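Below is one structure; the comments refer to it alone.
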Number of protein chains: 2
Amino acid sequence: MGESGDNMFIGQYNHTIDSKGRIIIPSKLRNDLGNNFIITRGLDGCLFIYSSSEWMNIISKYKELPDTKEKRNFMRIFLSLATVCEYDKQGRINIPSPLISYANLKKDCVIVGVYDRLEIWSREDWDIFITNNSSNLSDTLDSLL
Amino acid sequence: MGESGDNMFIGQYNHTIDSKGRIIIPSKLRNDLGNNFIITRGLDGCLFIYSSSEWMNIISKYKELPDTKEKRNFMRIFLSLATVCEYDKQGRINIPSPLISYANLKKDCVIVGVYDRLEIWSREDWDIFITNNSSNLSDTLDSLL
DNA sequence: CCACTTTCCCCCACTAATAACCACTTCTTA
DNA sequence: TAAGAAGTGGTTATTAGTGGGGGAAAGTGG
């Protein structure tokens, strides 16, 4: 293990973002994420982090789509907010300020493993999300299947 | 035996969780569970433990679904509560504190083998469960079939 | 082109959380 | 009933995470 292969990200980690926009990637996840990865605006109010190989997979799917205006608009936003990230010596990354404000990140953040990506949420938004969705989890599952 | 294959878990084991959240996996079950396994929030107030192969089976069903908002919400909650576990030298595992509070684990716990998974119950909740359900066991079976 | 400002890293120090270690008790089994 | 295995609990050592200062690099304006 160690290479950013087909590993599955799971779990929830509570950490803090400091005044310089730095946040730590939990050590348990660092190996699976690898040294080159992409952070970008996600869906539903959070940020997405993909390993570079996973990022390539996603982009190649979109590339195949016909070149409509909707595709161009989506690609502009999706790609313009994406940034290549690296760790500092302490295992932290630097989140660009546009992404910080998009995800409404204050001090307390939640890092969530969601299969092929990490998500970064503000603690506040995550708690709201959980409150709104966890009670009917089995219903959600039923309607999915 | 030994590899976390298609083994069936049965039986009930009474053990204790200590102040650090450590609890032993009964030695009879360790071989069948393998060295890599997942603990997560279960249903009805207990925790579930799956061998990694069993976990993969479960996840692979969800993975194939189209990427809708419902799926994203479900996966976030489902995966965020799961944790990869390992044994310490004494055969114990460490249960994350969110799961301890969810399952209301105090000192005395019950570990139950339920076919393809283990369940961890607080002694208290287990006793209540048994009291409420054992009397009408034949009725329950009848209504199932 | 130069001076000034701002941003970004690297480094160090401190604290908290986790894992390793070890000693002891209880249960099994021969 | 003795010996080994299984289970429990606490201490110590190590790693992970947080926060801030200072220097290099890049960006801005005269």
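By convention in this document, the chains of the structure tokens carry letters A, B, ... by their order, each chain's residues are numbered from 1, and ligands are numbered from 1 in the order they are shown.
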
Each residue of chain C lying at most 10 Å from chain B should get a row with its shortest atom-to-atom pair and the distance in Å to one decimal, counting only C-alpha atoms (C1' of nucleotides); could you produce that, ordered by chain and increasing number, as a Markdown table?
| residue | atom | partner | partner_atom | distance |
| --- | --- | --- | --- | --- |
| C:DT18 | C1' | B:Asn94 | CA | 9.9 |
| C:DA19 | C1' | B:Asp88 | CA | 8.1 |
| C:DA20 | C1' | B:Lys89 | CA | 8.4 |
| C:DC21 | C1' | B:Lys89 | CA | 9.4 |

Could you save those same residues with C-alpha atoms (C1' of nucleotides) as a PDB file, in the first residue's frame?
ATOM      1  C1'  DT C  18      -2.374   7.183  19.823  1.00  0.00           C
ATOM      2  C1'  DA C  19       0.123   3.041  19.980  1.00  0.00           C
ATOM      3  C1'  DA C  20       3.582   0.031  22.248  1.00  0.00           C
ATOM      4  C1'  DC C  21       4.936  -2.107  26.385  1.00  0.00           C
TER       5       DC C  21
END

Over every C-alpha pair, in sequence order, do a least-squares fit of chain A onto chain B and save the fitted chain as a compact mmCIF listing (two decimals) with N, CA and C atoms, in the first residue's frame.
# COMPACT_ATOMS: atom_id res chain seq x y z
N MET A 1 -8.56 -23.16 7.55
CA MET A 1 -9.28 -21.98 8.06
C MET A 1 -8.29 -20.92 8.50
N GLY A 2 -8.82 -19.78 8.89
CA GLY A 2 -7.92 -18.75 9.32
C GLY A 2 -8.05 -17.52 8.43
N GLU A 3 -8.08 -17.69 7.14
CA GLU A 3 -8.27 -16.56 6.25
C GLU A 3 -9.72 -16.08 6.32
N SER A 4 -9.88 -14.80 6.18
CA SER A 4 -11.21 -14.20 6.36
C SER A 4 -12.10 -14.51 5.16
N GLY A 5 -12.46 -15.76 5.04
CA GLY A 5 -13.24 -16.20 3.90
C GLY A 5 -14.72 -16.20 4.20
N ASP A 6 -15.40 -17.26 3.83
CA ASP A 6 -16.84 -17.34 3.98
C ASP A 6 -17.24 -17.93 5.33
N ASN A 7 -16.55 -17.52 6.35
CA ASN A 7 -16.89 -18.05 7.66
C ASN A 7 -18.11 -17.36 8.22
N MET A 8 -18.80 -18.12 9.03
CA MET A 8 -20.01 -17.59 9.62
C MET A 8 -19.75 -17.25 11.08
N PHE A 9 -20.04 -16.02 11.44
CA PHE A 9 -19.90 -15.61 12.83
C PHE A 9 -21.16 -15.94 13.60
N ILE A 10 -21.00 -16.64 14.71
CA ILE A 10 -22.13 -16.90 15.59
C ILE A 10 -21.68 -16.72 17.02
N GLY A 11 -22.64 -16.71 17.91
CA GLY A 11 -22.32 -16.70 19.33
C GLY A 11 -22.42 -15.31 19.95
N GLN A 12 -22.43 -15.32 21.26
CA GLN A 12 -22.51 -14.09 22.04
C GLN A 12 -21.38 -14.08 23.06
N TYR A 13 -20.68 -12.96 23.16
CA TYR A 13 -19.53 -12.86 24.05
C TYR A 13 -19.64 -11.60 24.89
N ASN A 14 -19.53 -11.75 26.19
CA ASN A 14 -19.59 -10.61 27.09
C ASN A 14 -18.18 -10.15 27.44
N HIS A 15 -17.85 -8.92 27.07
CA HIS A 15 -16.55 -8.38 27.43
C HIS A 15 -16.69 -6.92 27.84
N THR A 16 -15.54 -6.36 28.24
CA THR A 16 -15.59 -4.99 28.75
C THR A 16 -14.76 -4.06 27.87
N ILE A 17 -15.24 -2.84 27.78
CA ILE A 17 -14.46 -1.80 27.12
C ILE A 17 -13.84 -0.96 28.22
N ASP A 18 -12.54 -0.67 28.09
CA ASP A 18 -11.91 0.05 29.20
C ASP A 18 -11.95 1.56 28.96
N SER A 19 -11.32 2.29 29.88
CA SER A 19 -11.43 3.75 29.83
C SER A 19 -10.73 4.34 28.61
N LYS A 20 -9.89 3.56 27.97
CA LYS A 20 -9.21 4.04 26.77
C LYS A 20 -9.93 3.68 25.48
N GLY A 21 -11.08 3.04 25.61
CA GLY A 21 -11.84 2.65 24.43
C GLY A 21 -11.38 1.36 23.80
N ARG A 22 -10.67 0.55 24.57
CA ARG A 22 -10.19 -0.73 24.04
C ARG A 22 -11.14 -1.85 24.40
N ILE A 23 -11.37 -2.74 23.46
CA ILE A 23 -12.18 -3.93 23.75
C ILE A 23 -11.57 -5.11 23.01
N ILE A 24 -11.63 -6.27 23.64
CA ILE A 24 -11.00 -7.44 23.04
C ILE A 24 -11.95 -8.09 22.03
N ILE A 25 -11.36 -8.59 20.95
CA ILE A 25 -12.11 -9.43 20.01
C ILE A 25 -11.89 -10.86 20.47
N PRO A 26 -12.95 -11.60 20.77
CA PRO A 26 -12.79 -12.95 21.31
C PRO A 26 -11.87 -13.79 20.41
N SER A 27 -11.01 -14.54 21.04
CA SER A 27 -9.98 -15.25 20.28
C SER A 27 -10.58 -16.21 19.26
N LYS A 28 -11.76 -16.72 19.57
CA LYS A 28 -12.40 -17.65 18.63
C LYS A 28 -12.80 -16.96 17.32
N LEU A 29 -12.96 -15.66 17.37
CA LEU A 29 -13.41 -14.93 16.19
C LEU A 29 -12.25 -14.31 15.40
N ARG A 30 -11.08 -14.19 16.05
CA ARG A 30 -10.00 -13.43 15.43
C ARG A 30 -9.55 -14.03 14.12
N ASN A 31 -9.43 -15.34 14.08
CA ASN A 31 -8.99 -15.98 12.86
C ASN A 31 -9.93 -15.71 11.70
N ASP A 32 -11.22 -15.82 11.99
CA ASP A 32 -12.19 -15.64 10.93
C ASP A 32 -12.26 -14.20 10.45
N LEU A 33 -11.97 -13.28 11.35
CA LEU A 33 -12.08 -11.87 10.99
C LEU A 33 -10.88 -11.41 10.18
N GLY A 34 -9.75 -12.06 10.37
CA GLY A 34 -8.54 -11.65 9.66
C GLY A 34 -7.90 -10.45 10.32
N ASN A 35 -6.84 -9.95 9.71
CA ASN A 35 -6.07 -8.86 10.32
C ASN A 35 -6.52 -7.47 9.89
N ASN A 36 -7.24 -7.41 8.78
CA ASN A 36 -7.74 -6.12 8.31
C ASN A 36 -9.25 -6.14 8.33
N PHE A 37 -9.81 -5.23 9.05
CA PHE A 37 -11.27 -5.19 9.11
C PHE A 37 -11.75 -3.79 9.41
N ILE A 38 -13.04 -3.60 9.27
CA ILE A 38 -13.65 -2.27 9.31
C ILE A 38 -14.68 -2.24 10.42
N ILE A 39 -14.64 -1.19 11.21
CA ILE A 39 -15.70 -0.99 12.18
C ILE A 39 -16.45 0.28 11.82
N THR A 40 -17.76 0.22 11.91
CA THR A 40 -18.55 1.39 11.55
C THR A 40 -19.87 1.40 12.29
N ARG A 41 -20.56 2.50 12.15
CA ARG A 41 -21.88 2.63 12.75
C ARG A 41 -22.83 1.63 12.12
N GLY A 42 -23.52 0.89 12.96
CA GLY A 42 -24.43 -0.11 12.45
C GLY A 42 -25.86 0.37 12.50
N LEU A 43 -26.76 -0.56 12.36
CA LEU A 43 -28.18 -0.25 12.42
C LEU A 43 -28.72 -0.68 13.78
N ASP A 44 -29.82 -0.07 14.17
CA ASP A 44 -30.52 -0.47 15.39
C ASP A 44 -29.73 -0.20 16.67
N GLY A 45 -28.74 0.70 16.61
CA GLY A 45 -28.07 1.13 17.83
C GLY A 45 -26.79 0.42 18.18
N CYS A 46 -26.28 -0.41 17.28
CA CYS A 46 -25.03 -1.12 17.57
C CYS A 46 -23.97 -0.75 16.54
N LEU A 47 -22.78 -1.31 16.73
CA LEU A 47 -21.70 -1.13 15.77
C LEU A 47 -21.52 -2.40 14.94
N PHE A 48 -21.10 -2.23 13.70
CA PHE A 48 -20.83 -3.37 12.83
C PHE A 48 -19.33 -3.51 12.63
N ILE A 49 -18.87 -4.73 12.59
CA ILE A 49 -17.49 -5.01 12.20
C ILE A 49 -17.52 -5.99 11.03
N TYR A 50 -16.89 -5.60 9.93
CA TYR A 50 -16.80 -6.47 8.76
C TYR A 50 -15.35 -6.80 8.45
N SER A 51 -15.12 -8.02 8.02
CA SER A 51 -13.82 -8.33 7.44
C SER A 51 -13.67 -7.48 6.19
N SER A 52 -12.43 -7.23 5.79
CA SER A 52 -12.24 -6.30 4.68
C SER A 52 -12.86 -6.84 3.40
N SER A 53 -12.85 -8.16 3.20
CA SER A 53 -13.43 -8.70 1.98
C SER A 53 -14.95 -8.51 1.99
N GLU A 54 -15.55 -8.72 3.15
CA GLU A 54 -17.00 -8.55 3.26
C GLU A 54 -17.37 -7.08 3.06
N TRP A 55 -16.53 -6.22 3.58
CA TRP A 55 -16.74 -4.77 3.42
C TRP A 55 -16.76 -4.39 1.94
N MET A 56 -15.83 -4.94 1.21
CA MET A 56 -15.78 -4.66 -0.24
C MET A 56 -17.07 -5.09 -0.93
N ASN A 57 -17.59 -6.24 -0.53
CA ASN A 57 -18.84 -6.71 -1.12
C ASN A 57 -19.96 -5.72 -0.89
N ILE A 58 -20.05 -5.24 0.34
CA ILE A 58 -21.14 -4.33 0.69
C ILE A 58 -21.03 -3.02 -0.06
N ILE A 59 -19.82 -2.46 -0.07
CA ILE A 59 -19.63 -1.19 -0.75
C ILE A 59 -19.96 -1.29 -2.23
N SER A 60 -19.56 -2.41 -2.83
CA SER A 60 -19.77 -2.53 -4.27
C SER A 60 -21.26 -2.58 -4.61
N LYS A 61 -22.06 -3.10 -3.68
CA LYS A 61 -23.51 -3.09 -3.91
C LYS A 61 -24.04 -1.67 -3.97
N TYR A 62 -23.60 -0.85 -3.01
CA TYR A 62 -24.11 0.52 -2.95
C TYR A 62 -23.61 1.34 -4.13
N LYS A 63 -22.39 1.03 -4.56
CA LYS A 63 -21.79 1.80 -5.64
C LYS A 63 -22.64 1.75 -6.91
N GLU A 64 -23.33 0.64 -7.07
CA GLU A 64 -24.11 0.45 -8.29
C GLU A 64 -25.40 1.26 -8.31
N LEU A 65 -25.83 1.68 -7.12
CA LEU A 65 -27.11 2.39 -7.05
C LEU A 65 -27.01 3.76 -7.73
N PRO A 66 -28.13 4.23 -8.28
CA PRO A 66 -28.12 5.56 -8.91
C PRO A 66 -27.78 6.64 -7.89
N ASP A 67 -27.16 7.72 -8.35
CA ASP A 67 -26.61 8.73 -7.46
C ASP A 67 -27.68 9.73 -7.04
N THR A 68 -28.52 9.31 -6.12
CA THR A 68 -29.57 10.20 -5.62
C THR A 68 -29.08 10.90 -4.37
N LYS A 69 -29.87 11.83 -3.92
CA LYS A 69 -29.52 12.54 -2.69
C LYS A 69 -29.54 11.59 -1.49
N GLU A 70 -30.51 10.68 -1.50
CA GLU A 70 -30.59 9.71 -0.41
C GLU A 70 -29.34 8.86 -0.36
N LYS A 71 -28.89 8.45 -1.53
CA LYS A 71 -27.68 7.62 -1.54
C LYS A 71 -26.49 8.41 -1.01
N ARG A 72 -26.35 9.65 -1.46
CA ARG A 72 -25.22 10.46 -0.99
C ARG A 72 -25.25 10.62 0.52
N ASN A 73 -26.44 10.90 1.03
CA ASN A 73 -26.55 11.09 2.48
C ASN A 73 -26.18 9.82 3.24
N PHE A 74 -26.70 8.73 2.76
CA PHE A 74 -26.41 7.46 3.42
C PHE A 74 -24.92 7.15 3.37
N MET A 75 -24.34 7.32 2.19
CA MET A 75 -22.93 6.99 2.02
C MET A 75 -22.04 7.88 2.88
N ARG A 76 -22.38 9.14 2.99
CA ARG A 76 -21.60 10.04 3.83
C ARG A 76 -21.51 9.52 5.25
N ILE A 77 -22.66 9.20 5.80
CA ILE A 77 -22.68 8.77 7.20
C ILE A 77 -22.01 7.42 7.36
N PHE A 78 -22.39 6.53 6.46
CA PHE A 78 -21.89 5.16 6.56
C PHE A 78 -20.37 5.13 6.44
N LEU A 79 -19.84 5.89 5.50
CA LEU A 79 -18.40 5.85 5.26
C LEU A 79 -17.61 6.74 6.21
N SER A 80 -18.20 7.86 6.58
CA SER A 80 -17.43 8.78 7.43
C SER A 80 -17.17 8.19 8.80
N LEU A 81 -18.05 7.32 9.24
CA LEU A 81 -17.86 6.73 10.55
C LEU A 81 -17.08 5.41 10.51
N ALA A 82 -16.74 5.00 9.32
CA ALA A 82 -16.01 3.73 9.20
C ALA A 82 -14.52 3.94 9.44
N THR A 83 -13.92 2.97 10.10
CA THR A 83 -12.50 3.04 10.43
C THR A 83 -11.85 1.70 10.19
N VAL A 84 -10.66 1.73 9.63
CA VAL A 84 -9.87 0.51 9.53
C VAL A 84 -9.32 0.19 10.91
N CYS A 85 -9.39 -1.05 11.30
CA CYS A 85 -8.97 -1.45 12.64
C CYS A 85 -7.83 -2.46 12.58
N GLU A 86 -7.04 -2.43 13.64
CA GLU A 86 -6.04 -3.48 13.84
C GLU A 86 -6.05 -3.89 15.29
N TYR A 87 -5.51 -5.06 15.52
CA TYR A 87 -5.38 -5.54 16.89
C TYR A 87 -4.14 -4.93 17.56
N ASP A 88 -4.20 -4.75 18.87
CA ASP A 88 -2.94 -4.56 19.58
C ASP A 88 -2.40 -5.94 19.95
N LYS A 89 -1.31 -5.97 20.68
CA LYS A 89 -0.66 -7.25 20.95
C LYS A 89 -1.53 -8.18 21.79
N GLN A 90 -2.51 -7.64 22.47
CA GLN A 90 -3.39 -8.48 23.29
C GLN A 90 -4.67 -8.90 22.57
N GLY A 91 -4.81 -8.52 21.31
CA GLY A 91 -6.00 -8.89 20.56
C GLY A 91 -7.14 -7.90 20.72
N ARG A 92 -6.83 -6.71 21.20
CA ARG A 92 -7.88 -5.70 21.38
C ARG A 92 -7.91 -4.72 20.22
N ILE A 93 -9.04 -4.04 20.07
CA ILE A 93 -9.15 -2.97 19.09
C ILE A 93 -9.51 -1.69 19.81
N ASN A 94 -9.30 -0.59 19.11
CA ASN A 94 -9.58 0.73 19.66
C ASN A 94 -10.81 1.28 18.98
N ILE A 95 -11.84 1.55 19.74
CA ILE A 95 -13.06 2.06 19.13
C ILE A 95 -13.07 3.58 19.20
N PRO A 96 -13.21 4.24 18.04
CA PRO A 96 -13.21 5.70 18.02
C PRO A 96 -14.36 6.25 18.86
N SER A 97 -14.10 7.39 19.49
CA SER A 97 -15.08 7.91 20.45
C SER A 97 -16.44 8.25 19.84
N PRO A 98 -16.53 8.71 18.58
CA PRO A 98 -17.86 8.94 18.02
C PRO A 98 -18.70 7.67 18.00
N LEU A 99 -18.05 6.55 17.74
CA LEU A 99 -18.78 5.28 17.70
C LEU A 99 -19.15 4.83 19.11
N ILE A 100 -18.28 5.08 20.06
CA ILE A 100 -18.59 4.73 21.45
C ILE A 100 -19.85 5.45 21.91
N SER A 101 -19.92 6.73 21.59
CA SER A 101 -21.08 7.47 22.06
C SER A 101 -22.32 7.11 21.25
N TYR A 102 -22.15 6.85 19.95
CA TYR A 102 -23.31 6.42 19.17
C TYR A 102 -23.92 5.15 19.74
N ALA A 103 -23.09 4.18 20.07
CA ALA A 103 -23.60 2.89 20.54
C ALA A 103 -23.82 2.87 22.04
N ASN A 104 -23.58 4.01 22.68
CA ASN A 104 -23.87 4.12 24.11
C ASN A 104 -23.08 3.10 24.93
N LEU A 105 -21.80 2.92 24.55
CA LEU A 105 -21.00 1.89 25.21
C LEU A 105 -20.49 2.39 26.55
N LYS A 106 -20.85 1.68 27.59
CA LYS A 106 -20.29 1.94 28.92
C LYS A 106 -19.23 0.87 29.17
N LYS A 107 -19.17 0.31 30.35
CA LYS A 107 -18.15 -0.70 30.63
C LYS A 107 -18.47 -2.06 30.00
N ASP A 108 -19.66 -2.56 30.29
CA ASP A 108 -20.01 -3.90 29.84
C ASP A 108 -20.62 -3.89 28.45
N CYS A 109 -20.03 -4.72 27.58
CA CYS A 109 -20.47 -4.78 26.19
C CYS A 109 -20.76 -6.22 25.80
N VAL A 110 -21.49 -6.37 24.71
CA VAL A 110 -21.79 -7.68 24.16
C VAL A 110 -21.34 -7.70 22.71
N ILE A 111 -20.57 -8.71 22.37
CA ILE A 111 -20.14 -8.90 20.98
C ILE A 111 -20.93 -10.08 20.43
N VAL A 112 -21.62 -9.85 19.32
CA VAL A 112 -22.51 -10.85 18.77
C VAL A 112 -22.07 -11.20 17.35
N GLY A 113 -22.06 -12.49 17.06
CA GLY A 113 -21.80 -12.93 15.70
C GLY A 113 -23.10 -13.03 14.94
N VAL A 114 -23.20 -12.27 13.83
CA VAL A 114 -24.43 -12.28 13.04
C VAL A 114 -24.08 -12.57 11.59
N TYR A 115 -23.80 -13.84 11.35
CA TYR A 115 -23.47 -14.34 10.02
C TYR A 115 -22.22 -13.70 9.43
N ASP A 116 -22.37 -12.61 8.68
CA ASP A 116 -21.21 -12.07 7.98
C ASP A 116 -20.56 -10.89 8.70
N ARG A 117 -21.03 -10.59 9.90
CA ARG A 117 -20.46 -9.45 10.63
C ARG A 117 -20.48 -9.70 12.12
N LEU A 118 -19.71 -8.90 12.85
CA LEU A 118 -19.85 -8.84 14.29
C LEU A 118 -20.62 -7.58 14.64
N GLU A 119 -21.34 -7.64 15.73
CA GLU A 119 -22.00 -6.46 16.25
C GLU A 119 -21.52 -6.21 17.67
N ILE A 120 -21.36 -4.94 18.02
CA ILE A 120 -21.01 -4.57 19.40
C ILE A 120 -22.16 -3.78 19.99
N TRP A 121 -22.65 -4.27 21.11
CA TRP A 121 -23.77 -3.64 21.80
C TRP A 121 -23.35 -3.26 23.22
N SER A 122 -23.94 -2.22 23.74
CA SER A 122 -23.83 -2.03 25.18
C SER A 122 -24.69 -3.11 25.84
N ARG A 123 -24.22 -3.60 26.96
CA ARG A 123 -24.93 -4.66 27.68
C ARG A 123 -26.39 -4.27 27.92
N GLU A 124 -26.52 -3.04 28.34
CA GLU A 124 -27.84 -2.50 28.65
C GLU A 124 -28.78 -2.59 27.43
N ASP A 125 -28.34 -2.06 26.31
CA ASP A 125 -29.17 -2.06 25.11
C ASP A 125 -29.45 -3.47 24.62
N TRP A 126 -28.46 -4.34 24.75
CA TRP A 126 -28.65 -5.72 24.31
C TRP A 126 -29.73 -6.41 25.15
N ASP A 127 -29.66 -6.19 26.46
CA ASP A 127 -30.65 -6.82 27.33
C ASP A 127 -32.05 -6.33 26.99
N ILE A 128 -32.16 -5.04 26.73
CA ILE A 128 -33.46 -4.50 26.33
C ILE A 128 -33.92 -5.13 25.03
N PHE A 129 -32.99 -5.22 24.09
CA PHE A 129 -33.32 -5.81 22.79
C PHE A 129 -33.83 -7.24 22.96
N ILE A 130 -33.11 -8.01 23.77
CA ILE A 130 -33.51 -9.40 23.97
C ILE A 130 -34.88 -9.49 24.63
N THR A 131 -35.06 -8.68 25.64
CA THR A 131 -36.34 -8.69 26.34
C THR A 131 -37.50 -8.39 25.38
N ASN A 132 -37.28 -7.42 24.51
CA ASN A 132 -38.36 -7.00 23.63
C ASN A 132 -38.62 -7.98 22.49
N ASN A 133 -37.64 -8.80 22.17
CA ASN A 133 -37.77 -9.59 20.94
C ASN A 133 -37.75 -11.10 21.10
N SER A 134 -37.25 -11.59 22.23
CA SER A 134 -37.04 -13.04 22.27
C SER A 134 -38.33 -13.80 22.54
N SER A 135 -39.28 -13.17 23.19
CA SER A 135 -40.49 -13.91 23.55
C SER A 135 -41.25 -14.35 22.31
N ASN A 136 -41.28 -13.46 21.32
CA ASN A 136 -42.06 -13.79 20.12
C ASN A 136 -41.17 -14.21 18.96
N LEU A 137 -40.13 -14.96 19.29
CA LEU A 137 -39.17 -15.33 18.25
C LEU A 137 -39.82 -16.16 17.15
N SER A 138 -40.67 -17.10 17.56
CA SER A 138 -41.30 -17.95 16.54
C SER A 138 -42.29 -17.15 15.70
N ASP A 139 -42.95 -16.16 16.32
CA ASP A 139 -43.82 -15.28 15.55
C ASP A 139 -43.03 -14.51 14.50
N THR A 140 -41.88 -13.97 14.95
CA THR A 140 -41.01 -13.23 14.04
C THR A 140 -40.62 -14.10 12.85
N LEU A 141 -40.28 -15.33 13.16
CA LEU A 141 -39.88 -16.25 12.10
C LEU A 141 -41.04 -16.49 11.14
N ASP A 142 -42.24 -16.70 11.70
CA ASP A 142 -43.41 -16.95 10.86
C ASP A 142 -43.67 -15.79 9.91
N SER A 143 -43.57 -14.56 10.46
CA SER A 143 -43.88 -13.41 9.63
C SER A 143 -42.79 -13.17 8.58
N LEU A 144 -41.61 -13.67 8.86
CA LEU A 144 -40.52 -13.53 7.89
C LEU A 144 -40.76 -14.39 6.67
N LEU A 145 -41.24 -15.60 6.92
CA LEU A 145 -41.32 -16.59 5.83
C LEU A 145 -42.62 -16.51 5.05

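Backbone DSSP assigns strand (DSSP E) in range 68-134 of chain B to Thr83, Val84, Cys85, Arg92, Ile93, Asn94, Asp108, Cys109, Val110, Ile111, Val112, Gly113, Val114, Arg117, Leu118, Glu119, Ile120, Trp121 and Ser122 of chain B.
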